[in-house]
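Participant: To be precise about what I am sending: the file is called coords_12.cif and holds mmCIF, C-alpha atoms and all ligand atoms.
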```
data_query
loop_
_atom_site.label_atom_id
_atom_site.label_comp_id
_atom_site.auth_asym_id
_atom_site.auth_seq_id
_atom_site.Cartn_x
_atom_site.Cartn_y
_atom_site.Cartn_z
CA MET A 139 0.00 0.00 0.00
CA PRO A 140 1.23 3.50 -0.74
CA ILE A 141 2.22 5.57 2.28
CA LEU A 142 1.15 9.15 1.88
CA ASP A 143 2.37 12.48 3.12
CA ALA A 144 2.50 15.88 1.51
CA ASN A 145 5.97 15.89 0.01
CA THR A 146 7.04 12.33 -0.52
CA PHE A 147 5.37 9.27 -1.92
CA GLU A 148 6.63 5.89 -0.92
CA LEU A 149 5.71 2.45 -2.13
CA ILE A 150 6.94 -1.09 -2.24
CA SER A 151 7.19 -2.86 -5.58
CA ARG A 152 6.78 -6.62 -5.40
CA SER A 153 8.24 -7.53 -8.79
CA PRO A 154 10.24 -6.13 -11.71
CA ASP A 155 6.99 -5.96 -13.70
CA GLN A 156 5.32 -3.93 -10.99
CA THR A 157 8.28 -1.55 -11.03
CA ARG A 158 7.88 -1.22 -14.81
CA ARG A 159 4.16 -0.51 -14.40
CA ILE A 160 4.89 2.24 -11.87
CA GLY A 161 7.42 3.63 -14.34
CA MET A 162 4.83 3.60 -17.13
CA ARG A 163 2.49 5.76 -15.05
CA LEU A 164 5.29 8.27 -14.59
CA GLY A 165 6.40 8.12 -18.23
CA GLU A 166 2.91 9.03 -19.44
CA LEU A 167 3.15 12.32 -17.54
CA LEU A 168 6.57 13.48 -18.72
CA LEU A 169 7.15 16.64 -20.75
CA PRO A 170 10.29 17.89 -22.51
CA SER A 171 12.90 19.20 -20.05
CA ASP A 172 11.48 17.19 -17.15
CA ILE A 173 14.30 15.60 -15.19
CA ILE A 174 14.06 12.45 -13.12
CA CYS A 175 16.96 11.82 -10.71
CA LEU A 176 17.32 8.16 -9.77
CA THR A 177 19.41 7.04 -6.83
CA GLY A 178 20.00 3.64 -5.25
CA ASP A 179 22.63 0.92 -5.22
CA LEU A 180 23.43 -1.46 -8.07
CA GLY A 181 20.46 -3.76 -8.52
CA ALA A 182 18.03 -1.42 -6.78
CA GLY A 183 15.94 -1.33 -9.96
CA LYS A 184 16.73 2.05 -11.51
CA THR A 185 17.11 0.72 -15.05
CA THR A 186 14.02 -1.47 -14.61
CA LEU A 187 12.02 1.62 -13.63
CA VAL A 188 13.39 3.48 -16.66
CA GLN A 189 12.18 0.65 -18.91
CA GLY A 190 8.65 1.40 -17.72
CA ILE A 191 9.11 5.17 -17.92
CA ALA A 192 10.30 4.95 -21.52
CA ARG A 193 7.42 2.68 -22.51
CA GLY A 194 4.85 4.92 -20.83
CA TRP A 195 6.37 7.98 -22.47
CA GLY A 196 5.79 6.29 -25.81
CA THR A 197 8.96 4.82 -27.28
CA SER A 198 9.29 1.21 -28.32
CA ASP A 199 13.10 1.47 -28.36
CA VAL A 200 14.85 -1.12 -26.21
CA VAL A 201 16.00 0.31 -22.87
CA THR A 202 19.35 -0.96 -21.63
CA SER A 203 21.71 0.23 -18.93
CA PRO A 204 23.91 3.05 -20.24
CA THR A 205 26.63 2.26 -17.68
CA PHE A 206 29.33 1.99 -20.36
CA VAL A 207 28.00 4.32 -23.05
CA LEU A 208 26.91 6.94 -20.46
CA VAL A 209 23.87 8.07 -22.45
CA ASN A 210 21.15 6.24 -24.34
CA ASN A 211 18.80 8.15 -26.59
CA TYR A 212 15.28 6.90 -27.25
CA ARG A 213 12.85 8.16 -29.86
CA ARG A 214 9.12 8.36 -30.08
CA PRO A 215 7.25 8.06 -33.41
CA ASP A 216 6.55 11.84 -33.30
CA GLY A 217 10.32 12.50 -33.30
CA VAL A 218 10.62 13.67 -29.70
CA GLN A 219 13.62 12.23 -27.88
CA MET A 220 14.35 11.11 -24.34
CA ASN A 221 17.85 10.80 -22.89
CA HIS A 222 18.87 8.22 -20.28
CA LEU A 223 22.13 9.00 -18.53
CA ASP A 224 24.07 6.77 -16.13
CA ALA A 225 26.54 8.75 -14.02
CA TYR A 226 28.06 5.68 -12.34
CA ARG A 227 31.37 6.04 -14.18
CA LEU A 228 31.61 9.79 -13.92
CA GLU A 229 34.09 11.10 -11.39
CA SER A 230 32.58 14.52 -10.90
CA ALA A 231 30.00 17.03 -11.96
CA LEU A 232 32.73 18.63 -14.10
CA GLU A 233 32.80 15.58 -16.35
CA ALA A 234 29.04 15.74 -16.63
CA GLU A 235 29.27 19.28 -17.93
CA ASP A 236 30.97 17.93 -21.06
CA LEU A 237 27.85 15.90 -21.80
CA ASP A 238 25.77 18.90 -22.84
CA LEU A 239 22.90 18.36 -20.46
CA ASP A 240 21.26 21.57 -21.71
CA ARG A 241 20.91 20.08 -25.18
CA MET A 242 19.48 16.87 -23.72
CA LEU A 243 16.92 18.79 -21.68
CA ALA A 244 15.93 20.76 -24.77
CA GLU A 245 15.34 17.52 -26.68
CA GLY A 246 12.98 15.98 -24.19
CA PRO A 247 12.82 14.42 -20.74
CA LEU A 248 16.09 13.40 -19.07
CA LEU A 249 16.43 10.37 -16.79
CA VAL A 250 19.59 10.19 -14.68
CA GLU A 251 20.83 7.12 -12.81
CA TRP A 252 23.34 7.79 -9.98
CA ALA A 253 22.22 11.40 -10.13
CA GLU A 254 23.83 12.17 -6.77
CA ARG A 255 27.28 11.77 -8.36
CA ILE A 256 26.76 14.78 -10.62
CA LYS A 257 24.38 16.77 -8.48
CA ALA A 258 26.22 20.05 -9.05
CA ALA A 259 25.82 19.73 -12.83
CA LEU A 260 22.08 19.06 -12.70
CA PRO A 261 19.26 21.58 -12.35
CA GLU A 262 18.17 21.89 -8.75
CA GLU A 263 14.52 21.24 -9.57
CA CYS A 264 13.72 17.62 -10.34
CA LEU A 265 11.65 14.62 -9.42
CA ALA A 266 13.84 12.36 -7.31
CA VAL A 267 13.31 8.63 -7.01
CA SER A 268 15.28 6.80 -4.38
CA MET A 269 15.21 3.01 -4.75
CA ALA A 270 16.35 0.39 -2.28
CA TRP A 271 16.56 -3.39 -2.11
CA VAL A 272 14.13 -4.93 0.39
CA SER A 273 14.23 -8.61 -0.59
CA ASP A 274 14.80 -10.64 -3.76
CA GLU A 275 11.70 -9.34 -5.48
CA HIS A 276 10.80 -6.35 -3.31
CA ARG A 277 12.08 -2.82 -3.75
CA ARG A 278 11.21 0.38 -1.91
CA LEU A 279 10.64 3.48 -4.04
CA VAL A 280 10.55 6.92 -2.46
CA PHE A 281 9.54 9.83 -4.69
CA SER A 282 10.28 13.41 -3.68
CA PHE A 283 10.69 16.69 -5.56
CA LYS A 284 12.06 20.20 -5.77
CA GLY A 285 10.09 22.88 -7.63
CA ASP A 286 6.48 23.53 -8.59
CA ARG A 287 6.53 21.55 -11.81
CA PHE A 288 7.76 18.45 -10.01
CA HIS A 289 5.36 18.96 -7.12
CA ARG A 290 2.51 18.81 -9.66
CA LEU A 291 4.09 15.83 -11.39
CA LEU A 292 4.32 13.93 -8.11
CA ASP A 293 0.70 14.78 -7.27
CA GLN A 294 -0.42 13.47 -10.66
CA LEU A 295 1.63 10.31 -10.26
CA ARG A 296 0.36 9.70 -6.74
CA ASN A 297 -3.26 10.23 -7.76
CA GLY A 298 -2.90 7.86 -10.70
CA ILE A 299 -1.32 5.15 -8.60
CA VAL A 300 -3.67 5.53 -5.63
CA MET A 301 -6.66 5.31 -8.03
CA SER A 302 -5.30 2.09 -9.46
CA PHE A 303 -4.99 0.62 -5.95
CA ALA A 304 -8.57 1.62 -5.07
N1 LIG B 401 10.58 -5.28 -7.51
C1 LIG B 401 11.63 -5.16 -8.34
N2 LIG B 401 11.84 -4.00 -9.01
C2 LIG B 401 12.90 -3.86 -9.82
N3 LIG B 401 13.83 -4.80 -10.06
C3 LIG B 401 13.67 -5.98 -9.42
C4 LIG B 401 12.58 -6.20 -8.53
N4 LIG B 401 12.69 -7.48 -8.04
C5 LIG B 401 13.77 -7.99 -8.59
N5 LIG B 401 14.38 -7.11 -9.43
C6 LIG B 401 15.61 -7.39 -10.19
O1 LIG B 401 16.63 -6.55 -9.70
C7 LIG B 401 17.49 -6.15 -10.77
C8 LIG B 401 17.45 -4.64 -10.89
O2 LIG B 401 18.42 -4.28 -11.82
P1 LIG B 401 18.50 -2.85 -12.48
O3 LIG B 401 17.14 -2.36 -12.82
O4 LIG B 401 19.50 -2.94 -13.57
O5 LIG B 401 19.05 -2.00 -11.24
P2 LIG B 401 19.98 -0.70 -11.23
O6 LIG B 401 19.78 0.02 -12.52
O7 LIG B 401 19.47 0.07 -10.05
O8 LIG B 401 21.37 -1.19 -11.03
C9 LIG B 401 16.95 -6.81 -12.03
O9 LIG B 401 17.63 -8.02 -12.23
C10 LIG B 401 15.50 -7.05 -11.68
O10 LIG B 401 14.93 -8.14 -12.38
MG MG B 402 21.09 0.81 -13.91
#
```
Would you give me this structure, written as structure tokens?
Ligand SMILES: Nc1ncnc2c1ncn2[C@@H]1O[C@H](COP(=O)(O)OP(=O)(O)O)[C@@H](O)[C@H]1O
Ligand SMILES: [Mg+2]
Facilitator:
Amino acid sequence: MPILDANTFELISRSPDQTRRIGMRLGELLLPSDIICLTGDLGAGKTTLVQGIARGWGTSDVVTSPTFVLVNNYRRPDGVQMNHLDAYRLESALEAEDLDLDRMLAEGPLLVEWAERIKAALPEECLAVSMAWVSDEHRRLVFSFKGDRFHRLLDQLRNGIVMSFA
């Protein structure tokens, strides 16, 4: 069951598919220049969540971990793009500045795994998703935000998910 308070939204996913379904709900709501900051250890489910986000947003491109390539770019039939960045191998926010995040945000939504590693290079306002291992198939997801746009986005996401539990 979702646990509710004003500024965070927390839930437990019981399977990779459930994590993808939660991601789809979020992906449907995303607009260009929205930024989703994903944190959590290896295996927490960040890439699995992004698979759902990308599907819900509307691409049928295959979503893989960009750990080695740093950035994956997905396309929707209408030509809009979404960038998926993995900061695991970046040493500092300085390195991230070479990636041209402004261009990525102009192209469409930006999803960042290991966002905390390049915090200084990212806009302050974002939707943050913190993921943690609970057991083999269970993961905790905690959504929080900075900024009005992401407050609204979290409200929309929460309402959609709570409705589907009702
Ligand atoms: N409830 C769950 N949500 C997400 N992943 C899960 C869940 N239960 C098990 N898993 C497994 O955990 C792993 C998560 O890997 P991945 O999404 O690549 O994590 P990260 O990107 O955080 O390193 C996958 O093998 C996935 O199948
Ligand atoms: Mg990953």
Participant: Using all atoms listed in the file, pick whichever of A:Trp195, A:Trp252, A:Phe281, A:Phe288 has the shortest atom-to-atom distance to Asp179 in chain A.
Facilitator: A:Trp252
Participant: Using all atoms listed in the file, which residue out of A:Leu187, A:Leu239, A:Ala266, A:Leu149 lies closest to ligand MG 402 (chain B)?
Facilitator: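 Using all atoms listed in the file, ligand MG 402 (chain B) sits closest to A:Leu187.
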Participant: Taking only residues of chain A that have an atom at most 7 Å from an atom of ligand LIG 401 (chain B), what is each one's shortest atom pair and its distance in Å to one decimal, using all atoms listed in the file, in chain and number order, as a Markdown table?
Facilitator:
```
| residue | atom | partner | partner_atom | distance |
| --- | --- | --- | --- | --- |
| A:Ser151 | CA | B:LIG401 | N1 | 4.6 |
| A:Arg152 | CA | B:LIG401 | N1 | 4.5 |
| A:Ser153 | CA | B:LIG401 | N1 | 3.5 |
| A:Pro154 | CA | B:LIG401 | C1 | 3.8 |
| A:Gln156 | CA | B:LIG401 | N1 | 6.4 |
| A:Thr157 | CA | B:LIG401 | N2 | 4.8 |
| A:Gly178 | CA | B:LIG401 | O7 | 6.0 |
| A:Asp179 | CA | B:LIG401 | O7 | 5.8 |
| A:Leu180 | CA | B:LIG401 | O8 | 3.6 |
| A:Gly181 | CA | B:LIG401 | O5 | 3.5 |
| A:Ala182 | CA | B:LIG401 | O7 | 3.9 |
| A:Gly183 | CA | B:LIG401 | O3 | 3.3 |
| A:Lys184 | CA | B:LIG401 | O7 | 3.7 |
| A:Thr185 | CA | B:LIG401 | O6 | 3.7 |
| A:Thr186 | CA | B:LIG401 | O3 | 3.7 |
| A:Leu187 | CA | B:LIG401 | O3 | 6.5 |
| A:Ser203 | CA | B:LIG401 | O4 | 6.6 |
| A:Asp274 | CA | B:LIG401 | C5 | 5.6 |
| A:Glu275 | CA | B:LIG401 | N4 | 3.3 |
| A:His276 | CA | B:LIG401 | N1 | 4.3 |
| A:Arg277 | CA | B:LIG401 | N1 | 4.7 |
```
Participant: Starting from 5 Å padding per side, set up an axis-aligned box that covers all listed atoms of range 220-237 of chain A and hand over centre and edge lengths in Å, one decimal, as JSON.
Facilitator:
```
{"center_x": 24.2, "center_y": 12.5, "center_z": -17.6, "size_x": 29.7, "size_y": 23.6, "size_z": 23.4}
```
Participant: Between CA of Asp224 in chain A and CA of Asn211 in chain A, what is the distance in Å, rounded to a tenth?
Facilitator: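 Atom-to-atom, CA of Asp224 in chain A and CA of Asn211 in chain A are spaced 11.8 Å apart.
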Participant: Tell me which protein, DNA and RNA residues are within 10 Å of Thr146 in chain A, counting only C-alpha atoms, leaving out same-chain ones fewer than 5 positions away, and put them as a list of chain:residue names.
Facilitator: A:Ile141, A:Ala266, A:Val267, A:Val280, A:Phe281, A:Ser282, A:Phe283, A:His289, A:Leu292, A:Asp293, A:Arg296
Participant: Let me make sure I understand: among A:Ser171, A:Asn297, A:Thr202, A:Asn221, which one has the smallest atom-to-atom distance to ligand MG 402 (chain B) if we use only C-alpha atoms and all ligand atoms?
Facilitator: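 Counting only C-alpha atoms and all ligand atoms, the residue closest to ligand MG 402 (chain B) is A:Thr202.
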Participant: One number please: CA of Gln219 in chain A to CA of Glu245 in chain A, in Å, one decimal.
Facilitator: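 Distance between the two atoms: 5.7 Å.
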Participant: Work out how far CA of Ala270 in chain A is from CA of Arg159 in chain A, in Å to one decimal.
Facilitator: 17.2 Å
Participant: Mind checking which residues fall within 9 Å of Arg213 in chain A, counting all atoms listed in the file, ignoring those fewer than 5 positions away in the same chain, and posting them as a list in words?
Facilitator: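 Here the qualifying residues turn out to be Gly196, Thr197, Ser198, Asp199, Val218, Gln219, Met220 and Asn221 of chain A.
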Participant: What's around Ala258 in chain A at 10 Å? Count all atoms listed in the file, leave out sequence neighbours fewer than 4 positions away in its own chain, and write the answer as a PyMOL selection string.
Facilitator: chain A and resi 230-232+234-235+253-254+262
Participant: Between A:Leu237, A:Ala192, A:Leu168, A:Val201, which is the closest to ligand MG 402 (chain B) once you count only C-alpha atoms and all ligand atoms?
Facilitator: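 Smallest separation from ligand MG 402 (chain B) among the options: A:Val201.
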Participant: Return the single residue from A:Gly246, A:Pro170, A:Gly161, A:Gly298 that is closest to Gln189 in chain A, with distances computed using all atoms listed in the file.
Facilitator: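 Checking each of A:Gly246, A:Pro170, A:Gly161, A:Gly298 against Gln189 in chain A, counting all atoms listed in the file, the winner is A:Gly161.
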Participant: Looking at A:Val200, A:Val272, A:Ile299, A:Val250, which one is nearest to ligand MG 402 (chain B), with distances taken over only C-alpha atoms and all ligand atoms?
Facilitator: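 Looking at the shortest contact to ligand MG 402 (chain B), the residue is A:Val250.
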Participant: Report as a list in words all protein, DNA and RNA residues lying within 7 Å of Asn210 in chain A, evaluated on all atoms listed in the file, omitting residues in the same chain fewer than 6 positions from it.
Facilitator: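 Those residues are Pro204, Asn221, His222 and Leu223 of chain A.
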